[in-house]
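query39.csv, holding CSV, C-alpha atoms:
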```csv
chain,number,residue,atom,x,y,z
C,796,MET,CA,27.6,11.3,0.4
C,797,PHE,CA,25.0,8.5,0.0
C,798,GLN,CA,22.6,10.4,2.3
C,799,GLN,CA,23.1,13.7,0.4
C,800,VAL,CA,22.3,12.0,-2.9
C,801,MET,CA,19.2,10.4,-1.4
C,802,ASP,CA,18.0,13.7,0.0
C,803,ILE,CA,18.4,15.4,-3.4
C,804,ILE,CA,16.5,12.6,-5.1
C,805,SER,CA,13.7,12.8,-2.5
C,806,LEU,CA,13.4,16.6,-2.9
C,807,TRP,CA,13.6,16.6,-6.7
C,808,ALA,CA,11.6,13.5,-7.7
C,809,LEU,CA,8.2,15.2,-7.6
C,810,PRO,CA,9.2,18.6,-9.2
C,811,ALA,CA,11.1,16.7,-11.9
C,812,ILE,CA,8.1,14.6,-12.8
C,813,LEU,CA,5.9,17.8,-13.1
C,814,ILE,CA,8.4,19.5,-15.3
C,815,LEU,CA,8.7,16.4,-17.5
C,816,ILE,CA,4.9,16.0,-17.9
C,817,LEU,CA,4.3,19.7,-18.6
C,818,THR,CA,7.2,20.3,-20.9
C,819,TYR,CA,6.5,17.1,-22.9
C,820,GLY,CA,2.8,18.2,-23.2
C,821,LEU,CA,3.8,21.7,-24.4
C,822,VAL,CA,6.2,20.3,-27.0
C,823,LYS,CA,3.5,17.9,-28.3
C,824,LYS,CA,1.1,20.9,-28.4
C,825,VAL,CA,-1.4,19.6,-25.9
C,826,PRO,CA,-3.8,22.3,-24.5
C,827,LEU,CA,-2.4,21.9,-21.0
C,828,TYR,CA,-4.9,23.8,-19.0
C,829,GLU,CA,-8.0,22.3,-20.7
C,830,VAL,CA,-6.6,18.8,-20.5
C,831,PHE,CA,-5.6,19.2,-16.9
C,832,THR,CA,-9.0,20.4,-15.7
C,833,GLU,CA,-10.7,17.7,-17.8
C,834,GLY,CA,-8.8,15.0,-16.0
C,835,ALA,CA,-9.0,16.7,-12.6
C,836,LYS,CA,-12.8,16.6,-12.8
C,837,ASP,CA,-12.7,12.9,-12.0
C,838,GLY,CA,-10.9,13.5,-8.6
C,839,PHE,CA,-14.1,14.2,-6.7
C,840,LYS,CA,-16.0,11.2,-8.3
C,841,VAL,CA,-13.2,8.8,-7.5
C,842,ALA,CA,-12.8,9.9,-3.9
C,843,ILE,CA,-16.5,9.7,-3.3
C,844,ASN,CA,-16.7,6.3,-5.0
C,845,ILE,CA,-14.3,4.7,-2.6
C,846,ILE,CA,-16.1,5.9,0.6
C,847,PRO,CA,-18.4,2.8,1.0
C,848,TYR,CA,-15.4,0.4,0.6
C,849,LEU,CA,-13.3,2.4,3.0
C,850,VAL,CA,-16.1,2.6,5.6
C,851,ALA,CA,-16.5,-1.2,5.5
C,852,ILE,CA,-12.8,-2.0,5.9
C,853,ILE,CA,-11.8,0.8,8.3
C,854,VAL,CA,-14.8,0.4,10.6
C,855,GLY,CA,-14.1,-3.4,10.7
C,856,ILE,CA,-10.5,-2.8,11.6
C,857,SER,CA,-11.2,-0.1,14.2
C,858,MET,CA,-13.7,-2.5,15.9
C,859,LEU,CA,-11.1,-5.3,15.8
C,860,ARG,CA,-8.5,-3.1,17.4
C,861,ALA,CA,-10.8,-1.9,20.1
C,862,SER,CA,-11.9,-5.5,20.9
C,863,GLY,CA,-8.6,-6.6,22.3
C,864,VAL,CA,-8.1,-9.5,19.9
C,865,PHE,CA,-4.6,-8.3,19.2
C,866,GLU,CA,-3.6,-8.6,22.8
C,867,TRP,CA,-4.8,-12.3,22.7
C,868,ILE,CA,-2.7,-13.0,19.6
C,869,GLY,CA,0.2,-11.1,21.2
C,870,THR,CA,0.0,-13.3,24.3
C,871,ALA,CA,-0.2,-16.4,22.2
C,872,LEU,CA,2.8,-15.3,20.0
C,873,ALA,CA,5.1,-14.2,22.8
C,874,PRO,CA,6.6,-17.6,23.7
C,875,VAL,CA,7.2,-18.4,20.1
C,876,LEU,CA,9.0,-15.1,19.5
C,877,THR,CA,11.0,-15.4,22.7
C,878,PHE,CA,12.1,-18.9,21.5
C,879,PHE,CA,13.5,-17.4,18.3
C,880,ASN,CA,15.0,-14.6,20.3
C,881,ILE,CA,12.8,-11.9,18.7
C,882,PRO,CA,11.9,-8.9,20.9
C,883,THR,CA,8.2,-9.2,21.9
C,884,ASP,CA,7.8,-5.4,21.7
C,885,ILE,CA,7.6,-5.9,18.0
C,886,ILE,CA,4.3,-7.9,18.2
C,887,PRO,CA,1.8,-5.0,17.9
C,888,LEU,CA,3.7,-3.8,14.9
C,889,MET,CA,3.5,-7.2,13.2
C,890,LEU,CA,-0.3,-7.2,13.7
C,891,THR,CA,-1.2,-3.7,12.6
C,892,ARG,CA,1.3,-3.4,9.7
C,893,SER,CA,-1.0,-4.9,7.1
C,894,LEU,CA,-4.2,-3.4,8.6
C,895,SER,CA,-3.9,0.2,9.4
C,896,GLY,CA,-1.3,2.8,8.3
C,897,SER,CA,-1.9,5.4,11.0
C,898,ALA,CA,-1.9,2.7,13.7
C,899,THR,CA,1.4,1.3,12.4
C,900,ILE,CA,3.0,4.8,12.5
C,901,GLY,CA,1.6,5.3,16.0
C,902,VAL,CA,2.9,1.9,17.3
C,903,PHE,CA,6.3,2.6,15.6
C,904,SER,CA,6.6,6.0,17.2
C,905,ASP,CA,5.9,4.4,20.5
C,906,ILE,CA,8.7,1.9,20.1
C,907,ALA,CA,11.2,4.4,18.7
C,908,GLY,CA,10.3,7.0,21.3
C,909,ASN,CA,10.5,4.7,24.3
C,910,PRO,CA,14.0,5.2,25.8
C,911,GLU,CA,13.9,1.6,27.2
C,912,SER,CA,13.6,0.2,23.7
C,913,ALA,CA,16.9,-1.6,22.7
C,914,PHE,CA,18.7,-0.3,19.6
C,915,TYR,CA,18.0,-3.6,17.9
C,916,THR,CA,14.3,-3.5,18.6
C,917,THR,CA,14.0,0.0,17.1
C,918,THR,CA,16.0,-0.9,14.1
C,919,LEU,CA,14.0,-4.0,13.4
C,920,ALA,CA,10.8,-2.0,13.8
C,921,ALA,CA,12.0,0.6,11.4
C,922,VAL,CA,12.9,-1.9,8.7
C,923,MET,CA,9.5,-3.6,9.2
C,924,VAL,CA,7.6,-0.4,8.8
C,925,GLY,CA,9.7,1.0,6.0
C,926,SER,CA,9.4,-2.1,3.9
C,927,SER,CA,5.6,-2.4,4.1
C,928,GLU,CA,2.4,-1.0,2.7
C,929,THR,CA,-1.0,-1.2,4.4
C,930,THR,CA,-2.3,-4.2,2.4
C,931,LEU,CA,-6.0,-3.9,3.4
C,932,TYR,CA,-6.1,-0.2,2.8
C,933,VAL,CA,-4.6,-0.6,-0.7
C,934,LEU,CA,-7.0,-3.3,-1.6
C,935,ALA,CA,-10.1,-1.4,-0.3
C,936,VAL,CA,-9.1,1.8,-2.1
C,937,TYR,CA,-8.0,0.3,-5.4
C,938,PHE,CA,-10.7,-2.3,-5.8
C,939,GLY,CA,-13.3,0.2,-4.4
C,940,ALA,CA,-12.4,2.7,-7.1
C,941,VAL,CA,-13.4,0.4,-9.9
C,942,GLY,CA,-16.3,-1.3,-8.0
C,943,ILE,CA,-14.8,-4.8,-7.7
C,944,SER,CA,-16.1,-6.9,-4.8
C,945,LYS,CA,-14.8,-10.4,-5.7
C,946,ILE,CA,-11.1,-10.0,-4.9
C,947,ARG,CA,-10.1,-13.7,-5.5
C,948,TYR,CA,-6.6,-14.3,-4.1
C,949,ALA,CA,-5.5,-10.6,-3.9
C,950,LEU,CA,-5.7,-10.5,-0.1
C,951,LEU,CA,-4.0,-13.8,0.5
C,952,ALA,CA,-1.1,-12.9,-1.9
C,953,GLY,CA,-0.7,-9.5,-0.2
C,954,LEU,CA,-0.7,-10.9,3.3
C,955,LEU,CA,1.8,-13.7,2.4
C,956,ALA,CA,4.1,-11.0,0.9
C,957,ASP,CA,3.7,-9.1,4.2
C,958,LEU,CA,4.6,-12.2,6.2
C,959,ALA,CA,7.6,-12.8,4.0
C,960,GLY,CA,8.6,-9.1,4.6
C,961,ILE,CA,8.4,-9.7,8.4
C,962,ILE,CA,10.5,-12.8,8.3
C,963,LEU,CA,13.1,-11.2,6.0
C,964,ALA,CA,13.3,-8.1,8.2
C,965,ILE,CA,14.0,-10.3,11.2
C,966,LEU,CA,16.7,-12.2,9.3
C,967,ILE,CA,18.5,-9.2,7.8
C,968,CYS,CA,18.4,-7.3,11.1
C,969,ARG,CA,19.8,-10.3,12.9
C,970,VAL,CA,22.7,-10.5,10.4
C,971,MET,CA,23.4,-6.8,10.3
C,972,PHE,CA,22.7,-5.4,13.7
C,973,LEU,CA,22.8,-8.2,16.3
C,974,ASN,CA,26.3,-9.5,17.1
V,1401,MET,CA,-14.6,-10.2,0.9
V,1402,ASN,CA,-18.0,-11.3,2.3
V,1403,TYR,CA,-16.3,-13.6,4.9
V,1404,ILE,CA,-13.6,-11.0,5.8
V,1405,PHE,CA,-16.2,-8.4,6.4
V,1406,TYR,CA,-18.4,-10.8,8.5
V,1407,PHE,CA,-15.5,-12.1,10.6
V,1408,LEU,CA,-14.0,-8.6,11.2
V,1409,ILE,CA,-17.2,-7.4,12.8
V,1410,VAL,CA,-18.5,-10.6,14.5
V,1411,ILE,CA,-15.1,-11.5,16.0
V,1412,SER,CA,-14.7,-7.9,17.2
V,1413,ILE,CA,-18.1,-8.0,19.0
V,1414,ILE,CA,-17.5,-11.4,20.6
V,1415,ALA,CA,-13.9,-10.7,21.7
V,1416,GLY,CA,-15.0,-7.2,22.9
V,1417,ALA,CA,-17.8,-8.8,25.0
V,1418,ILE,CA,-15.4,-11.4,26.5
V,1419,ASN,CA,-12.8,-8.7,27.3
V,1420,GLY,CA,-15.4,-6.4,28.7
V,1421,ARG,CA,-14.7,-3.8,26.0
V,1422,LEU,CA,-17.9,-3.9,24.2
V,1423,GLU,CA,-18.4,-0.2,24.7
V,1424,ASP,CA,-15.0,0.6,23.0
V,1425,VAL,CA,-15.9,-1.7,20.1
V,1426,VAL,CA,-19.2,0.1,19.6
V,1427,SER,CA,-17.7,3.6,19.7
V,1428,ALA,CA,-15.0,2.3,17.2
V,1429,ILE,CA,-17.8,2.1,14.7
V,1430,LEU,CA,-18.4,5.9,14.8
V,1431,SER,CA,-14.7,6.8,14.8
V,1432,GLY,CA,-13.9,4.3,12.1
V,1433,ALA,CA,-16.7,5.7,9.8
V,1434,GLN,CA,-15.5,9.2,10.4
V,1435,THR,CA,-11.9,8.3,9.6
V,1436,SER,CA,-13.0,6.7,6.3
V,1437,VAL,CA,-14.8,9.8,5.2
V,1438,LYS,CA,-11.9,12.0,6.3
V,1439,ILE,CA,-9.5,9.9,4.3
V,1440,ALA,CA,-11.7,10.0,1.2
V,1441,PHE,CA,-12.2,13.8,1.4
V,1442,SER,CA,-8.6,14.5,2.0
V,1443,LEU,CA,-7.9,12.6,-1.2
V,1444,ILE,CA,-10.2,14.8,-3.4
V,1445,GLY,CA,-7.8,17.6,-4.0
V,1446,ILE,CA,-4.6,15.7,-4.5
V,1447,MET,CA,-6.5,13.1,-6.6
V,1448,ALA,CA,-7.9,15.9,-8.9
V,1449,PHE,CA,-4.3,17.3,-9.2
V,1450,TRP,CA,-2.7,14.1,-10.2
V,1451,LEU,CA,-5.5,12.9,-12.4
V,1452,GLY,CA,-5.2,16.2,-14.3
V,1453,MET,CA,-1.4,15.8,-14.6
V,1454,MET,CA,-1.8,12.2,-15.8
V,1455,ASN,CA,-4.4,13.3,-18.3
V,1456,ILE,CA,-1.7,15.6,-19.8
V,1457,ALA,CA,0.8,12.8,-19.7
V,1458,GLN,CA,-1.6,10.6,-21.6
V,1459,LYS,CA,-2.7,13.0,-24.2
V,1460,SER,CA,0.9,14.0,-25.0
V,1461,GLY,CA,1.9,10.4,-25.5
V,1462,LEU,CA,4.3,10.5,-22.5
V,1463,ILE,CA,2.7,7.5,-20.9
V,1464,GLU,CA,3.1,5.5,-24.1
V,1465,VAL,CA,6.8,6.3,-24.2
V,1466,ILE,CA,7.2,5.1,-20.6
V,1467,ALA,CA,5.2,2.0,-21.4
V,1468,LYS,CA,7.5,1.2,-24.3
V,1469,LEU,CA,10.6,1.6,-22.2
V,1470,ILE,CA,9.5,-1.0,-19.7
V,1471,LYS,CA,7.8,-3.3,-22.2
V,1472,PRO,CA,10.3,-6.2,-21.9
V,1473,VAL,CA,9.3,-6.5,-18.2
V,1474,THR,CA,5.6,-5.8,-18.3
V,1475,LYS,CA,5.0,-8.0,-21.4
V,1476,ARG,CA,5.9,-11.0,-19.2
V,1477,LEU,CA,4.2,-9.8,-16.0
V,1478,PHE,CA,1.0,-8.5,-17.5
V,1479,ASN,CA,0.7,-10.8,-20.4
V,1480,GLU,CA,-3.1,-10.6,-20.5
V,1481,ILE,CA,-3.1,-6.8,-21.1
V,1482,PRO,CA,-2.5,-5.6,-24.7
V,1483,GLU,CA,1.0,-4.1,-25.1
V,1484,ASP,CA,-0.2,-0.7,-26.2
V,1485,SER,CA,-2.8,-0.3,-23.5
V,1486,PRO,CA,-2.4,2.9,-21.4
V,1487,ALA,CA,-2.7,0.6,-18.3
V,1488,ILE,CA,0.9,-0.5,-18.8
V,1489,GLY,CA,2.1,3.1,-18.7
V,1490,ASP,CA,-0.1,3.9,-15.7
V,1491,ILE,CA,1.3,0.9,-13.8
V,1492,ALA,CA,4.8,2.0,-14.5
V,1493,MET,CA,4.1,5.6,-13.4
V,1494,SER,CA,2.4,4.3,-10.2
V,1495,PHE,CA,5.4,2.2,-9.3
V,1496,SER,CA,7.8,5.0,-10.0
V,1497,ALA,CA,5.8,7.3,-7.7
V,1498,ASN,CA,5.8,4.6,-5.0
V,1499,ALA,CA,9.5,4.0,-5.4
V,1500,PHE,CA,10.3,7.7,-4.8
V,1501,GLY,CA,8.0,7.8,-1.8
V,1502,LEU,CA,5.4,10.0,-3.5
V,1503,THR,CA,2.5,8.3,-1.8
V,1504,ASN,CA,0.1,11.2,-2.6
V,1505,ALA,CA,0.8,10.8,-6.3
V,1506,ALA,CA,0.9,7.0,-6.3
V,1507,THR,CA,-2.7,6.5,-5.1
V,1508,PRO,CA,-4.4,8.5,-7.8
V,1509,ILE,CA,-2.1,7.1,-10.5
V,1510,GLY,CA,-2.7,3.6,-9.2
V,1511,ILE,CA,-6.5,4.1,-9.3
V,1512,ARG,CA,-6.1,5.3,-12.9
V,1513,ALA,CA,-4.2,2.1,-13.6
V,1514,MET,CA,-7.0,0.1,-12.1
V,1515,GLU,CA,-9.6,1.8,-14.3
V,1516,GLU,CA,-7.5,1.0,-17.4
V,1517,LEU,CA,-7.2,-2.6,-16.2
V,1518,GLN,CA,-10.9,-2.7,-15.6
V,1519,LYS,CA,-11.5,-2.0,-19.4
V,1520,HIS,CA,-9.7,-5.3,-20.2
V,1521,ASN,CA,-11.5,-7.2,-17.5
V,1522,ILE,CA,-14.0,-9.9,-18.6
V,1523,ASN,CA,-16.1,-9.7,-15.5
V,1524,LYS,CA,-16.5,-6.2,-14.1
V,1525,THR,CA,-17.3,-7.3,-10.5
V,1526,SER,CA,-14.5,-9.8,-10.2
V,1527,ALA,CA,-10.7,-9.0,-10.0
V,1528,SER,CA,-8.7,-9.9,-13.1
V,1529,ASN,CA,-5.3,-11.7,-12.8
V,1530,ALA,CA,-3.6,-8.4,-13.9
V,1531,MET,CA,-5.4,-6.5,-11.1
V,1532,CYS,CA,-4.4,-9.0,-8.4
V,1533,LEU,CA,-0.8,-9.0,-9.6
V,1534,PHE,CA,-0.7,-5.2,-9.7
V,1535,LEU,CA,-2.1,-5.0,-6.1
V,1536,ALA,CA,0.1,-7.8,-4.7
V,1537,MET,CA,3.1,-5.8,-6.1
V,1538,ASN,CA,1.6,-2.7,-4.6
V,1539,THR,CA,1.1,-4.1,-1.1
V,1540,ALA,CA,4.7,-5.1,-1.0
V,1541,GLY,CA,5.3,-1.3,-0.8
V,1542,PHE,CA,8.5,-1.0,-2.9
V,1543,GLN,CA,10.2,2.2,-1.9
V,1544,ILE,CA,13.7,3.4,-2.3
V,1545,ILE,CA,13.8,5.8,0.7
V,1546,PRO,CA,11.4,5.1,3.6
V,1547,ALA,CA,11.1,8.8,4.3
V,1548,THR,CA,8.4,8.7,7.1
V,1549,VAL,CA,10.3,6.1,9.1
V,1550,ILE,CA,13.6,8.0,8.8
V,1551,GLY,CA,11.8,11.2,9.8
V,1552,ILE,CA,10.5,9.5,13.0
V,1553,LEU,CA,14.0,8.0,13.8
V,1554,VAL,CA,15.6,11.5,13.3
V,1555,GLY,CA,12.9,12.9,15.7
V,1556,VAL,CA,13.8,10.4,18.5
V,1557,GLY,CA,17.6,10.9,18.1
V,1558,TYR,CA,18.3,7.4,16.7
V,1559,PRO,CA,22.0,7.1,15.7
V,1560,ASN,CA,22.6,7.5,12.0
V,1561,PRO,CA,19.0,6.8,10.7
V,1562,THR,CA,20.0,6.3,7.1
V,1563,GLN,CA,21.6,3.0,8.0
V,1564,ILE,CA,18.2,1.4,7.8
V,1565,ILE,CA,17.9,2.3,4.1
V,1566,ALA,CA,20.0,-0.7,2.9
V,1567,PRO,CA,18.2,-3.4,4.9
V,1568,THR,CA,14.8,-1.9,4.1
V,1569,LEU,CA,15.5,-1.9,0.4
V,1570,PHE,CA,16.7,-5.5,0.7
V,1571,VAL,CA,13.6,-6.7,2.4
V,1572,THR,CA,11.2,-4.7,0.2
V,1573,THR,CA,12.8,-5.9,-3.0
V,1574,LEU,CA,12.6,-9.6,-1.9
V,1575,ALA,CA,9.0,-9.2,-0.7
V,1576,PHE,CA,8.1,-7.5,-4.0
V,1577,THR,CA,9.6,-10.4,-5.9
V,1578,PHE,CA,7.9,-12.9,-3.6
V,1579,ALA,CA,4.5,-11.1,-4.2
V,1580,ILE,CA,4.9,-11.5,-8.0
V,1581,ILE,CA,5.7,-15.2,-7.7
V,1582,VAL,CA,2.8,-15.8,-5.3
V,1583,ALA,CA,0.3,-14.0,-7.4
V,1584,LYS,CA,1.4,-15.9,-10.5
V,1585,ILE,CA,1.1,-19.2,-8.8
V,1586,PHE,CA,-2.3,-18.4,-7.2
V,1587,GLN,CA,-3.9,-17.3,-10.4
V,1588,LYS,CA,-3.9,-21.0,-11.5
V,1589,PHE,CA,-5.8,-22.0,-8.3
V,1590,TRP,CA,-8.4,-19.2,-8.3
V,1591,PRO,CA,-9.6,-19.1,-11.9
V,1592,GLN,CA,-11.7,-16.0,-12.7
V,1593,GLN,CA,-15.4,-16.8,-13.5
V,1594,GLU,CA,-16.4,-15.3,-16.9
V,1595,CYS,CA,-19.7,-14.0,-15.7
V,1596,GLU,CA,-21.8,-13.8,-12.6
V,1597,VAL,CA,-23.6,-17.0,-11.6
V,1598,LYS,CA,-27.0,-15.9,-10.4
```

Kindly present the structure from the file in structure tokens form.
Amino acid sequence: MFQQVMDIISLWALPAILILILTYGLVKKVPLYEVFTEGAKDGFKVAINIIPYLVAIIVGISMLRASGVFEWIGTALAPVLTFFNIPTDIIPLMLTRSLSGSATIGVFSDIAGNPESAFYTTTLAAVMVGSSETTLYVLAVYFGAVGISKIRYALLAGLLADLAGIILAILICRVMFLN
Amino acid sequence: MNYIFYFLIVISIIAGAINGRLEDVVSAILSGAQTSVKIAFSLIGIMAFWLGMMNIAQKSGLIEVIAKLIKPVTKRLFNEIPEDSPAIGDIAMSFSANAFGLTNAATPIGIRAMEELQKHNINKTSASNAMCLFLAMNTAGFQIIPATVIGILVGVGYPNPTQIIAPTLFVTTLAFTFAIIVAKIFQKFWPQQECEVK
């Protein structure tokens, strides 16, 4: 029942928004086509504007991933995680989660697709991925679009929220799925 | 951002050299740069579509209506932004799109919100409190249904994938609240400079 309701919401959310925007516009006598194309013109400009910011961040992160630093951190973290009884398979996910969306999905697919992964590990990984957004990508795109380079505490706040998410995911999964 | 950029690149090179992976690190420059442009170009079409739709929503006054509905919440959170600013409506629309998992719509709408917030910003190169709060909330990734994750779980034959919805919602809601609190505390410690010191 719950799942069916959720499926219907997922399917209809976008069409419903479109019908609402267009119908409301028509009722308020907005020239829909002209106003749409006028707004859409900015699409190209915005996408091009964020390229320099994306290049800076994505090149940096790609280099970091290729360098093997994550393996060092993983080795350093492993004893700590084992002490708290957290599966060490989850480490790469914790590291990439805030940095790279495609890498996170890749790592998650690896964990979920590996038949040797325990049910608990897959569940914990799923909750971690589902409850997060790629912090660095969001910051690069959004700040890049308006040309802001001094980001003050935005990154620190985002990463702390990510860390809180990781800890909460471990706690809730332990309560719900590990008996 | 200067230090982050510096350390990302310098640490990668040093670590790559120690691990004997310098070649991989260097080729990552090319692949990373290509990925960035691919992402930006793939955004053009969908960005144009949603910016067009949002323009209709704004001209018709729909965004104002939505902004009024959530005013009691946003008045407290974004207290530096005038109540009748389109930024408030854009922020609300952006979070709704995120909550329903419409990532493609959420990014263009979020960028529009940033442009509106920029109009109220006293220093155009430095992030305002409202921007930092908006992005901190955004990075907590509030989402009602984690569709991508469920899709992958279904693909690998995980038993009853929808059972992760409840714990995920719990985590993301708390992380979201935590992000708001952290951003509100931090804004006192990192005051925004009024204009560039040169």

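You will find atom CA of V:Arg1476 at 21.2 Å from atom CA of V:Arg1512.
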
(message) With all atoms listed in the file as the counted atoms, please give the residues lying no more than 12 Å from V:Asn1521, apart from itself and same-chain residues fewer than 6 positions off, as a list in words.
(response) Val941 and Ile943 of chain C; Glu1480, Ile1481, Pro1482, Ala1487, Met1514, Glu1515, Ala1527, Ser1528, Asn1529, Ala1530, Met1531, Cys1532, Gln1592, Gln1593, Glu1594 and Cys1595 of chain V

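Comparing V:Gly1461, V:Gly1416, V:Pro1508, V:Gly1432 by their smallest distance to V:Ala1448, the closest is V:Pro1508 (using all atoms listed in the file).
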
(request) Would you mind listing what lies within 12 Å of C:Leu958 as a ChimeraX atom specification, with all atoms listed in the file counted and same-chain residues fewer than 2 positions away left out? (result) /C:889-890,892-893,923,926-928,930,951-956,960-965 /V:1539-1540,1571-1572,1574-1576,1578-1579

(request) Report as a ChimeraX atom specification the set of chain C residues whose atoms approach chain V to within 6 Å, with distances computed over only C-alpha atoms. (result) /C:816,820,823,830-832,834-835,838-839,842,849-850,853-855,857-859,861-862,908,922,925-928,930,937,941,943-946,949,952-953,956,960,963-964

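Note that atom CA of V:Phe1495 and atom CA of C:Ala940 are 17.9 Å apart.
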
(request) Using atom CA of C:Ile886 and atom CA of C:Leu950 as the two end points, give the distance in Å to one decimal. (result) 21.0 Å

(request) Rank C:Tyr819, C:Phe972, C:Phe878, C:Phe938 by their smallest atom-to-atom distance to C:Thr918, using all atoms listed in the file, and report the top residue only. (result) C:Phe972

Take the structure in the block and write a file for stretch 817-839 of chain C, C-alpha atoms, as a CSV table (one decimal), in the first residue's frame.
```csv
chain,number,residue,atom,x,y,z
C,817,LEU,CA,0.8,26.1,-17.2
C,818,THR,CA,-2.8,26.2,-16.0
C,819,TYR,CA,-2.1,29.0,-13.5
C,820,GLY,CA,-0.3,30.9,-16.1
C,821,LEU,CA,-3.1,30.5,-18.6
C,822,VAL,CA,-5.8,31.6,-16.1
C,823,LYS,CA,-3.6,34.7,-15.2
C,824,LYS,CA,-3.4,35.5,-19.0
C,825,VAL,CA,0.4,35.1,-19.2
C,826,PRO,CA,1.6,34.7,-22.9
C,827,LEU,CA,2.9,31.2,-22.1
C,828,TYR,CA,5.0,30.6,-25.2
C,829,GLU,CA,6.8,34.0,-25.2
C,830,VAL,CA,7.4,33.9,-21.5
C,831,PHE,CA,8.7,30.3,-21.6
C,832,THR,CA,11.2,31.0,-24.4
C,833,GLU,CA,12.3,34.3,-22.8
C,834,GLY,CA,13.2,32.4,-19.6
C,835,ALA,CA,14.7,29.4,-21.5
C,836,LYS,CA,17.2,31.7,-23.2
C,837,ASP,CA,19.2,31.8,-20.0
C,838,GLY,CA,19.7,28.0,-20.0
C,839,PHE,CA,22.7,28.1,-22.2
```
